[in-house]
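Just protein-v2.cif here, mmCIF, C-alpha atoms:
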data_model
loop_
_atom_site.group_PDB
_atom_site.id
_atom_site.type_symbol
_atom_site.label_atom_id
_atom_site.label_comp_id
_atom_site.auth_asym_id
_atom_site.auth_seq_id
_atom_site.Cartn_x
_atom_site.Cartn_y
_atom_site.Cartn_z
ATOM 1 C CA MET V 1 122.235 32.422 136.612
ATOM 2 C CA THR V 2 121.098 34.933 139.201
ATOM 3 C CA TYR V 3 120.479 34.585 142.927
ATOM 4 C CA ALA V 4 119.179 38.143 143.268
ATOM 5 C CA SER V 5 116.219 36.991 145.377
ATOM 6 C CA LEU V 6 118.587 36.258 148.284
ATOM 7 C CA ASN V 7 117.480 37.360 151.689
ATOM 8 C CA GLN V 8 119.600 39.773 153.660
ATOM 9 C CA PRO V 9 121.506 39.361 155.783
ATOM 10 C CA LEU V 10 123.316 36.533 154.000
ATOM 11 C CA ARG V 11 124.460 34.112 156.702
ATOM 12 C CA VAL V 12 128.079 33.018 156.262
ATOM 13 C CA GLY V 13 130.247 30.240 157.690
ATOM 14 C CA ILE V 14 134.043 30.199 157.273
ATOM 15 C CA VAL V 15 136.092 26.988 157.008
ATOM 16 C CA GLY V 16 139.726 27.640 157.925
ATOM 17 C CA SER V 17 141.556 29.594 160.611
ATOM 18 C CA GLY V 18 144.703 30.881 158.906
ATOM 19 C CA PHE V 19 145.670 34.197 157.324
ATOM 20 C CA VAL V 20 143.094 34.104 154.493
ATOM 21 C CA ALA V 21 140.263 33.009 156.818
ATOM 22 C CA LYS V 22 140.983 35.975 159.076
ATOM 23 C CA LEU V 23 141.147 38.335 156.085
ATOM 24 C CA ARG V 24 137.809 37.042 154.753
ATOM 25 C CA ALA V 25 136.232 37.410 158.207
ATOM 26 C CA GLU V 26 137.466 40.997 158.441
ATOM 27 C CA ILE V 27 136.133 41.932 154.975
ATOM 28 C CA LEU V 28 132.771 40.198 155.463
ATOM 29 C CA SER V 29 132.290 41.667 158.954
ATOM 30 C CA GLN V 30 132.340 45.160 157.406
ATOM 31 C CA ASP V 31 129.454 44.430 155.002
ATOM 32 C CA ALA V 32 125.971 45.241 156.311
ATOM 33 C CA ARG V 33 124.411 42.567 154.055
ATOM 34 C CA ILE V 34 126.384 39.789 155.783
ATOM 35 C CA LYS V 35 126.014 37.999 159.102
ATOM 36 C CA LEU V 36 128.971 35.858 160.175
ATOM 37 C CA VAL V 37 127.435 32.828 161.893
ATOM 38 C CA ALA V 38 130.195 30.246 162.396
ATOM 39 C CA ILE V 39 133.848 29.369 161.822
ATOM 40 C CA ALA V 40 135.572 25.963 161.778
ATOM 41 C CA GLY V 41 139.315 25.411 162.168
ATOM 42 C CA THR V 42 142.182 24.863 164.587
ATOM 43 C CA PRO V 43 140.365 25.552 167.898
ATOM 44 C CA GLU V 44 142.563 28.300 169.403
ATOM 45 C CA LYS V 45 143.068 30.114 166.082
ATOM 46 C CA ALA V 46 139.385 29.857 165.132
ATOM 47 C CA GLN V 47 138.433 31.071 168.614
ATOM 48 C CA ALA V 48 140.663 34.141 168.246
ATOM 49 C CA ILE V 49 139.104 35.053 164.869
ATOM 50 C CA ALA V 50 135.610 34.465 166.288
ATOM 51 C CA GLN V 51 136.305 36.812 169.222
ATOM 52 C CA GLU V 52 137.764 39.532 167.024
ATOM 53 C CA PHE V 53 134.870 39.549 164.552
ATOM 54 C CA ASN V 54 131.962 38.533 166.832
ATOM 55 C CA ILE V 55 131.338 35.140 165.214
ATOM 56 C CA PRO V 56 128.983 33.340 167.618
ATOM 57 C CA LYS V 57 129.853 29.690 166.924
ATOM 58 C CA VAL V 58 133.236 27.924 166.660
ATOM 59 C CA HIS V 59 133.441 24.365 165.312
ATOM 60 C CA GLN V 60 136.447 22.072 165.461
ATOM 61 C CA TYR V 61 135.182 20.114 162.428
ATOM 62 C CA TRP V 62 134.149 21.647 159.107
ATOM 63 C CA SER V 63 131.678 18.784 158.605
ATOM 64 C CA GLU V 64 129.529 20.312 161.397
ATOM 65 C CA LEU V 65 129.646 23.816 159.942
ATOM 66 C CA VAL V 66 128.650 23.012 156.341
ATOM 67 C CA VAL V 67 125.373 21.326 157.374
ATOM 68 C CA ARG V 68 124.141 24.131 159.657
ATOM 69 C CA PRO V 69 120.637 25.224 158.626
ATOM 70 C CA ASP V 70 121.482 28.859 159.518
ATOM 71 C CA VAL V 71 124.347 29.095 156.964
ATOM 72 C CA ASP V 72 123.636 30.243 153.365
ATOM 73 C CA LEU V 73 127.215 30.670 152.107
ATOM 74 C CA VAL V 74 130.356 28.710 153.027
ATOM 75 C CA VAL V 75 133.779 30.333 152.504
ATOM 76 C CA VAL V 76 136.451 27.633 152.159
ATOM 77 C CA CYS V 77 140.041 28.604 153.022
ATOM 78 C CA ASN V 78 141.538 25.574 154.763
ATOM 79 C CA VAL V 79 144.330 23.231 153.570
ATOM 80 C CA ASN V 80 144.307 22.599 149.807
ATOM 81 C CA ARG V 81 143.877 18.836 150.163
ATOM 82 C CA ASP V 82 140.420 19.208 151.738
ATOM 83 C CA HIS V 83 138.914 21.798 149.365
ATOM 84 C CA GLY V 84 137.107 19.258 147.166
ATOM 85 C CA ALA V 85 135.577 17.427 150.133
ATOM 86 C CA VAL V 86 134.403 20.618 151.894
ATOM 87 C CA VAL V 87 132.960 22.140 148.707
ATOM 88 C CA GLY V 88 131.131 18.895 147.845
ATOM 89 C CA GLN V 89 129.552 18.597 151.288
ATOM 90 C CA ALA V 90 128.589 22.293 151.330
ATOM 91 C CA LEU V 91 126.929 22.088 147.889
ATOM 92 C CA ARG V 92 125.089 18.873 148.830
ATOM 93 C CA SER V 93 123.848 20.754 151.911
ATOM 94 C CA GLY V 94 122.424 23.483 149.665
ATOM 95 C CA LYS V 95 125.014 26.178 150.416
ATOM 96 C CA HIS V 96 126.581 28.723 148.077
ATOM 97 C CA VAL V 97 130.385 28.371 148.099
ATOM 98 C CA ILE V 98 133.458 30.612 147.783
ATOM 99 C CA VAL V 99 136.684 28.569 147.703
ATOM 100 C CA GLU V 100 140.351 29.523 147.450
ATOM 101 C CA TYR V 101 142.131 27.832 144.535
ATOM 102 C CA PRO V 102 142.594 24.977 143.859
ATOM 103 C CA LEU V 103 138.983 23.771 143.706
ATOM 104 C CA SER V 104 140.351 20.217 143.943
ATOM 105 C CA PHE V 105 143.597 18.298 143.333
ATOM 106 C CA ASN V 106 141.756 16.221 140.773
ATOM 107 C CA LEU V 107 140.109 17.361 137.530
ATOM 108 C CA ALA V 108 137.368 14.686 137.608
ATOM 109 C CA GLU V 109 136.301 15.755 141.119
ATOM 110 C CA ALA V 110 136.400 19.451 140.126
ATOM 111 C CA GLU V 111 134.149 18.742 137.116
ATOM 112 C CA GLU V 112 131.689 16.898 139.382
ATOM 113 C CA LEU V 113 131.597 19.869 141.783
ATOM 114 C CA VAL V 114 130.916 22.355 138.968
ATOM 115 C CA LYS V 115 128.118 20.107 137.675
ATOM 116 C CA LEU V 116 126.661 19.741 141.185
ATOM 117 C CA ALA V 117 126.595 23.527 141.705
ATOM 118 C CA GLN V 118 124.840 24.011 138.356
ATOM 119 C CA GLN V 119 122.259 21.300 139.108
ATOM 120 C CA GLN V 120 121.504 22.844 142.513
ATOM 121 C CA ASN V 121 121.510 26.411 141.120
ATOM 122 C CA LEU V 122 124.169 27.322 143.690
ATOM 123 C CA LEU V 123 127.124 29.685 143.403
ATOM 124 C CA LEU V 124 130.531 28.001 143.202
ATOM 125 C CA HIS V 125 133.176 30.721 143.008
ATOM 126 C CA VAL V 126 136.872 29.803 142.869
ATOM 127 C CA GLU V 127 139.008 32.763 143.979
ATOM 128 C CA HIS V 128 141.667 33.855 141.468
ATOM 129 C CA ILE V 129 142.576 37.304 142.781
ATOM 130 C CA GLU V 130 145.607 37.676 140.494
ATOM 131 C CA LEU V 131 143.114 38.323 137.657
ATOM 132 C CA LEU V 132 141.957 41.427 139.577
ATOM 133 C CA GLY V 133 145.530 42.658 140.112
ATOM 134 C CA GLY V 134 147.187 45.550 138.328
ATOM 135 C CA VAL V 135 149.610 43.399 136.303
ATOM 136 C CA HIS V 136 146.830 41.313 134.760
ATOM 137 C CA GLN V 137 144.639 44.356 134.132
ATOM 138 C CA LEU V 138 147.496 46.147 132.334
ATOM 139 C CA VAL V 139 148.308 43.030 130.296
ATOM 140 C CA MET V 140 144.657 42.779 129.192
ATOM 141 C CA GLU V 141 144.642 46.488 128.321
ATOM 142 C CA HIS V 142 147.834 46.406 126.212
ATOM 143 C CA LEU V 143 147.893 42.814 124.886
ATOM 144 C CA ALA V 144 146.666 43.785 121.395
ATOM 145 C CA LYS V 145 149.695 46.077 121.021
ATOM 146 C CA VAL V 146 152.166 43.156 121.023
ATOM 147 C CA GLY V 147 150.562 41.858 117.793
ATOM 148 C CA THR V 148 150.425 38.090 117.302
ATOM 149 C CA PRO V 149 151.593 36.572 120.606
ATOM 150 C CA PHE V 150 154.592 34.261 120.227
ATOM 151 C CA TYR V 151 156.073 33.451 123.647
ATOM 152 C CA ALA V 152 155.034 33.877 127.293
ATOM 153 C CA ARG V 153 156.767 33.370 130.616
ATOM 154 C CA TYR V 154 155.611 33.601 134.198
ATOM 155 C CA SER V 155 158.104 32.922 136.969
ATOM 156 C CA THR V 156 157.952 33.316 140.747
ATOM 157 C CA LYS V 157 160.664 32.597 143.289
ATOM 158 C CA SER V 158 160.023 32.937 147.043
ATOM 159 C CA PRO V 159 163.076 32.524 149.290
ATOM 160 C CA GLN V 160 162.158 31.368 152.791
ATOM 161 C CA ARG V 161 164.760 30.690 155.449
ATOM 162 C CA PRO V 162 164.182 28.825 157.622
ATOM 163 C CA VAL V 163 161.115 27.201 156.113
ATOM 164 C CA PRO V 164 158.183 27.336 158.575
ATOM 165 C CA ASP V 165 156.554 24.146 159.852
ATOM 166 C CA LYS V 166 153.435 24.873 157.810
ATOM 167 C CA TRP V 167 151.125 22.802 155.624
ATOM 168 C CA THR V 168 152.304 24.789 152.584
ATOM 169 C CA TYR V 169 155.585 22.816 152.763
ATOM 170 C CA LYS V 170 153.864 19.407 153.111
ATOM 171 C CA PRO V 171 153.154 17.837 149.698
ATOM 172 C CA ASP V 172 150.156 15.759 150.842
ATOM 173 C CA LEU V 173 148.367 18.881 152.174
ATOM 174 C CA PHE V 174 149.699 21.453 149.684
ATOM 175 C CA GLY V 175 149.494 19.304 146.561
ATOM 176 C CA PHE V 176 151.560 19.211 143.381
ATOM 177 C CA PRO V 177 153.094 22.718 143.158
ATOM 178 C CA LEU V 178 151.335 23.819 139.953
ATOM 179 C CA THR V 179 148.005 22.500 141.285
ATOM 180 C CA ALA V 180 148.487 24.324 144.596
ATOM 181 C CA ALA V 181 149.605 27.387 142.610
ATOM 182 C CA VAL V 182 147.215 26.821 139.707
ATOM 183 C CA SER V 183 146.828 30.610 139.407
ATOM 184 C CA ARG V 184 150.265 30.579 137.717
ATOM 185 C CA LEU V 185 148.735 28.552 134.880
ATOM 186 C CA ASN V 186 145.341 30.244 134.921
ATOM 187 C CA ARG V 187 146.652 33.766 134.324
ATOM 188 C CA ILE V 188 148.335 32.608 131.069
ATOM 189 C CA ILE V 189 145.423 30.356 130.013
ATOM 190 C CA VAL V 190 142.965 33.259 130.403
ATOM 191 C CA LEU V 191 145.106 35.164 127.881
ATOM 192 C CA PHE V 192 145.829 32.458 125.296
ATOM 193 C CA GLY V 193 143.100 29.801 125.536
ATOM 194 C CA LYS V 194 143.497 26.045 125.295
ATOM 195 C CA VAL V 195 146.758 24.164 125.938
ATOM 196 C CA LYS V 196 147.481 21.095 123.795
ATOM 197 C CA ALA V 197 150.730 19.738 125.278
ATOM 198 C CA VAL V 198 152.563 19.985 128.603
ATOM 199 C CA SER V 199 156.047 19.066 129.754
ATOM 200 C CA CYS V 200 157.078 19.498 133.389
ATOM 201 C CA GLN V 201 159.972 18.932 135.787
ATOM 202 C CA LEU V 202 159.792 18.937 139.591
ATOM 203 C CA ARG V 203 162.507 18.814 142.227
ATOM 204 C CA TYR V 204 162.161 18.831 146.013
ATOM 205 C CA SER V 205 164.855 18.999 148.689
ATOM 206 C CA GLY V 206 164.724 18.519 152.442
ATOM 207 C CA ALA V 207 165.636 16.049 155.183
ATOM 208 C CA ASN V 208 162.036 14.892 155.769
ATOM 209 C CA LEU V 209 160.873 14.031 152.257
ATOM 210 C CA PRO V 210 158.295 13.094 151.130
ATOM 211 C CA HIS V 211 156.392 14.474 154.152
ATOM 212 C CA HIS V 212 157.937 17.926 154.343
ATOM 213 C CA PHE V 213 160.160 19.806 151.888
ATOM 214 C CA THR V 214 162.445 22.781 152.440
ATOM 215 C CA SER V 215 162.727 23.760 148.743
ATOM 216 C CA CYS V 216 160.875 23.018 145.562
ATOM 217 C CA VAL V 217 161.213 24.028 141.936
ATOM 218 C CA CYS V 218 158.533 23.205 139.387
ATOM 219 C CA ASN V 219 159.011 24.191 135.733
ATOM 220 C CA ALA V 220 156.418 23.587 133.029
ATOM 221 C CA GLN V 221 156.420 24.220 129.303
ATOM 222 C CA LEU V 222 153.004 24.742 127.708
ATOM 223 C CA GLN V 223 152.179 24.537 124.027
ATOM 224 C CA PHE V 224 148.938 26.345 123.218
ATOM 225 C CA GLU V 225 146.561 25.419 120.409
ATOM 226 C CA ASN V 226 147.184 28.887 118.909
ATOM 227 C CA GLY V 227 150.949 28.182 118.739
ATOM 228 C CA VAL V 228 152.084 30.241 121.747
ATOM 229 C CA LEU V 229 154.825 28.581 123.813
ATOM 230 C CA ALA V 230 154.920 29.397 127.534
ATOM 231 C CA ASP V 231 157.330 28.706 130.392
ATOM 232 C CA ILE V 232 155.823 28.619 133.874
ATOM 233 C CA SER V 233 158.078 28.380 136.902
ATOM 234 C CA TYR V 234 157.157 28.119 140.597
ATOM 235 C CA SER V 235 159.965 27.965 143.166
ATOM 236 C CA LYS V 236 160.164 28.489 146.904
ATOM 237 C CA GLY V 237 162.116 27.643 150.009
ATOM 238 C CA GLU V 238 165.636 27.665 151.445
ATOM 239 C CA ASN V 239 167.561 27.038 148.211
ATOM 240 C CA PHE V 240 166.419 30.356 146.708
ATOM 241 C CA TRP V 241 168.187 33.593 147.571
ATOM 242 C CA GLN V 242 166.426 36.329 145.649
ATOM 243 C CA PRO V 243 162.682 36.822 145.185
ATOM 244 C CA GLU V 244 161.341 37.098 141.651
ATOM 245 C CA ARG V 245 157.979 37.701 140.007
ATOM 246 C CA ILE V 246 158.272 38.057 136.243
ATOM 247 C CA MET V 247 155.584 38.113 133.577
ATOM 248 C CA GLU V 248 156.774 38.356 129.980
ATOM 249 C CA LEU V 249 154.783 38.324 126.725
ATOM 250 C CA GLN V 250 156.593 38.585 123.383
ATOM 251 C CA GLY V 251 154.802 39.095 120.061
ATOM 252 C CA SER V 252 155.121 40.207 116.452
ATOM 253 C CA GLN V 253 154.647 43.919 117.248
ATOM 254 C CA GLY V 254 156.091 44.249 120.744
ATOM 255 C CA ALA V 255 156.513 42.883 124.245
ATOM 256 C CA LEU V 256 155.041 43.336 127.711
ATOM 257 C CA ILE V 257 157.512 42.683 130.514
ATOM 258 C CA PHE V 258 156.750 42.991 134.231
ATOM 259 C CA SER V 259 159.056 42.533 137.179
ATOM 260 C CA ALA V 260 156.954 42.577 140.359
ATOM 261 C CA ASP V 261 154.521 45.502 139.852
ATOM 262 C CA LYS V 262 156.688 47.553 137.491
ATOM 263 C CA GLY V 263 156.509 46.893 133.784
ATOM 264 C CA LYS V 264 156.951 48.217 130.295
ATOM 265 C CA LEU V 265 155.423 47.928 126.876
ATOM 266 C CA ILE V 266 158.147 47.746 124.219
ATOM 267 C CA THR V 267 157.274 48.383 120.560
ATOM 268 C CA ALA V 268 159.054 49.727 117.465
ATOM 269 C CA ASP V 269 157.976 53.191 118.664
ATOM 270 C CA GLY V 270 159.888 52.864 121.933
ATOM 271 C CA GLU V 271 159.149 51.972 125.536
ATOM 272 C CA MET V 272 156.242 52.913 127.763
ATOM 273 C CA GLU V 273 156.469 52.506 131.537
ATOM 274 C CA LEU V 274 153.589 50.676 133.227
ATOM 275 C CA ASP V 275 152.910 50.719 136.963
ATOM 276 C CA ALA V 276 150.586 48.032 138.296
ATOM 277 C CA GLY V 277 150.237 49.653 141.709
ATOM 278 C CA THR V 278 149.815 47.532 144.831
ATOM 279 C CA THR V 279 148.436 44.016 145.293
ATOM 280 C CA ARG V 280 146.731 45.112 148.512
ATOM 281 C CA GLY V 281 142.957 44.962 148.659
ATOM 282 C CA LEU V 282 142.463 42.191 146.073
ATOM 283 C CA PHE V 283 140.619 39.843 148.459
ATOM 284 C CA LYS V 284 138.234 42.722 149.147
ATOM 285 C CA LYS V 285 137.657 43.192 145.402
ATOM 286 C CA ASP V 286 137.072 39.460 145.041
ATOM 287 C CA THR V 287 134.558 39.402 147.909
ATOM 288 C CA GLU V 288 132.727 42.480 146.582
ATOM 289 C CA ASN V 289 132.499 40.946 143.093
ATOM 290 C CA VAL V 290 130.979 37.735 144.495
ATOM 291 C CA LEU V 291 128.483 39.516 146.756
ATOM 292 C CA SER V 292 127.431 41.815 143.944
ATOM 293 C CA HIS V 293 126.949 38.699 141.760
ATOM 294 C CA LEU V 294 124.841 37.030 144.464
ATOM 295 C CA PHE V 295 122.680 40.042 145.264
ATOM 296 C CA THR V 296 122.313 41.779 141.902
ATOM 297 C CA GLY V 297 123.485 39.295 139.291
ATOM 298 C CA THR V 298 126.532 41.218 138.016
ATOM 299 C CA PRO V 299 128.939 38.827 136.274
ATOM 300 C CA LEU V 300 131.791 37.094 138.122
ATOM 301 C CA TYR V 301 135.340 37.888 137.005
ATOM 302 C CA THR V 302 136.206 34.163 136.715
ATOM 303 C CA ASN V 303 134.567 31.331 134.818
ATOM 304 C CA HIS V 304 134.379 27.589 135.370
ATOM 305 C CA GLU V 305 135.723 26.773 131.905
ATOM 306 C CA SER V 306 139.149 28.403 132.382
ATOM 307 C CA ILE V 307 139.320 27.138 135.995
ATOM 308 C CA LEU V 308 138.724 23.534 134.885
ATOM 309 C CA HIS V 309 141.115 23.811 131.937
ATOM 310 C CA SER V 310 143.826 25.208 134.236
ATOM 311 C CA LEU V 311 143.340 22.214 136.537
ATOM 312 C CA ALA V 312 143.495 19.838 133.529
ATOM 313 C CA VAL V 313 146.850 21.437 132.611
ATOM 314 C CA ALA V 314 148.072 21.141 136.239
ATOM 315 C CA ASN V 315 147.116 17.437 136.292
ATOM 316 C CA ALA V 316 148.939 16.953 132.955
ATOM 317 C CA ALA V 317 152.010 18.717 134.382
ATOM 318 C CA GLU V 318 151.957 16.399 137.405
ATOM 319 C CA LYS V 319 151.768 13.354 135.125
ATOM 320 C CA SER V 320 154.600 14.720 132.955
ATOM 321 C CA ALA V 321 156.836 15.332 136.001
ATOM 322 C CA ALA V 322 156.169 11.775 137.239
ATOM 323 C CA THR V 323 156.747 10.033 133.882
ATOM 324 C CA ASN V 324 159.276 12.382 132.251
ATOM 325 C CA GLN V 325 157.043 12.443 129.163
ATOM 326 C CA ILE V 326 155.266 15.171 127.216
ATOM 327 C CA VAL V 327 151.549 14.892 128.019
ATOM 328 C CA MET V 328 148.937 15.724 125.378
ATOM 329 C CA LEU V 329 145.604 17.189 126.488
#

Structure rendered as structure tokens:
Amino acid sequence: MTYASLNQPLRVGIVGSGFVAKLRAEILSQDARIKLVAIAGTPEKAQAIAQEFNIPKVHQYWSELVVRPDVDLVVVCNVNRDHGAVVGQALRSGKHVIVEYPLSFNLAEAEELVKLAQQQNLLLHVEHIELLGGVHQLVMEHLAKVGTPFYARYSTKSPQRPVPDKWTYKPDLFGFPLTAAVSRLNRIIVLFGKVKAVSCQLRYSGANLPHHFTSCVCNAQLQFENGVLADISYSKGENFWQPERIMELQGSQGALIFSADKGKLITADGEMELDAGTTRGLFKKDTENVLSHLFTGTPLYTNHESILHSLAVANAAEKSAATNQIVML
């Protein structure tokens, strides 16, 4: 599907007023093909972003922004809970959409949104910048060298003390941890395909549960149709004391093991150091990929199939954590 007949400038509205919204505004404001028209979010924060990047109109409510006739593309970076609603309204209003993951908390709604975008011939791009990062690129480059993949692990721990009073520590706004952080699942699913069974455990702590947590740990075990077993772990908050970001792939001929951005390929021939470089600039790469897709039809780096399957796995993990059962997909 190509939208190469788009007029320039492409008129953009941003929903959200946090860190990512500001970053998107900064990147888009530097592109001559783009005109930033409006932003919707927390009034004082949205106003500050609007002033910095010369965005003429500030809305308190996203529902006003997504129906504006002078907006062609809506960039959605507000609280996770509202993504599905904003994307749906934007698509029904005939707008192209870029949305931060997750597309929705709910697989059925996400499938409806993908179908709606296809029916309307509109772009629906779900950001998954980790796929553009050095670690993923190096894994893709060297994966064949580990032979038949056997086991995978991806684990992140983010100590935070004290925990900020932010929506990212409020389960109703943030969502089930592996839905909110569905990229953890997606990066493994992109490598190994379909998952057939999921088991998951979740623990929160904090004085104001269930409204606000100060720590969470969410561990999932995935069984892939091709036999690979994977452990996925997402942890953050006050009960963690050392940060961690580990990606490990073990196979018949070797292993790829990354800690943060430093990694190695281990085979019978020895070890090879791998440096994934910095994670800076990935939102810019994401934005450039989408604009190039819109204007010239170059392919997107993500696809709806793996995005929807990752959400199906996240929903299965949530069900498993709630019932203490293995969930089959």

Take every atom of range 107-118 of chain V listed in the file, pad by 6 Å on each side, and give me the axis-aligned box centre and edge lengths in Å, one decimal, as AutoDock Vina command-line options.
--center_x 132.5 --center_y 19.3 --center_z 139.4 --size_x 27.3 --size_y 21.3 --size_z 16.7

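With distances restricted to all atoms listed in the file, V:Leu10 is the closest residue to Val37 in chain V from V:Gln250, V:Glu112, V:Leu10, V:Arg24.
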
For CA of Cys218 in chain V and CA of Ile129 in chain V, determine how far apart the two atoms are, in Å to one decimal place. 21.6 Å

Tell me which protein, DNA and RNA residues are within 10 Å of range 267-282 of chain V, counting only C-alpha atoms, leaving out same-chain ones fewer than 2 positions away, and put them as a ChimeraX atom specification. /V:27,128-139,145-147,251-258,260-265,284-288

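Relative to CA of Gly41 in chain V, CA of Gly206 in chain V is found at 28.1 Å.
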
Enumerate, as an NGL selection string, the residues matched when the PyMOL selection byres ((chain V and resi 240) around 9) is run on the file above. :V and (157-161 or 215 or 235-239 or 241-243)

Go through V:Gly227, V:Pro210, V:Pro149, V:Gly13 one by one, measure the shortest atom-to-atom distance of each to His96 in chain V using all atoms listed in the file, and give the residue with the smallest value.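 Among V:Gly227, V:Pro210, V:Pro149, V:Gly13, it is V:Gly13 that comes nearest to His96 in chain V.
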
Could you jot down the CA of Leu202 in chain V to CA of Ala21 in chain V separation for me, Å, one decimal place?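 Atom-to-atom, CA of Leu202 in chain V and CA of Ala21 in chain V are spaced 29.6 Å apart.
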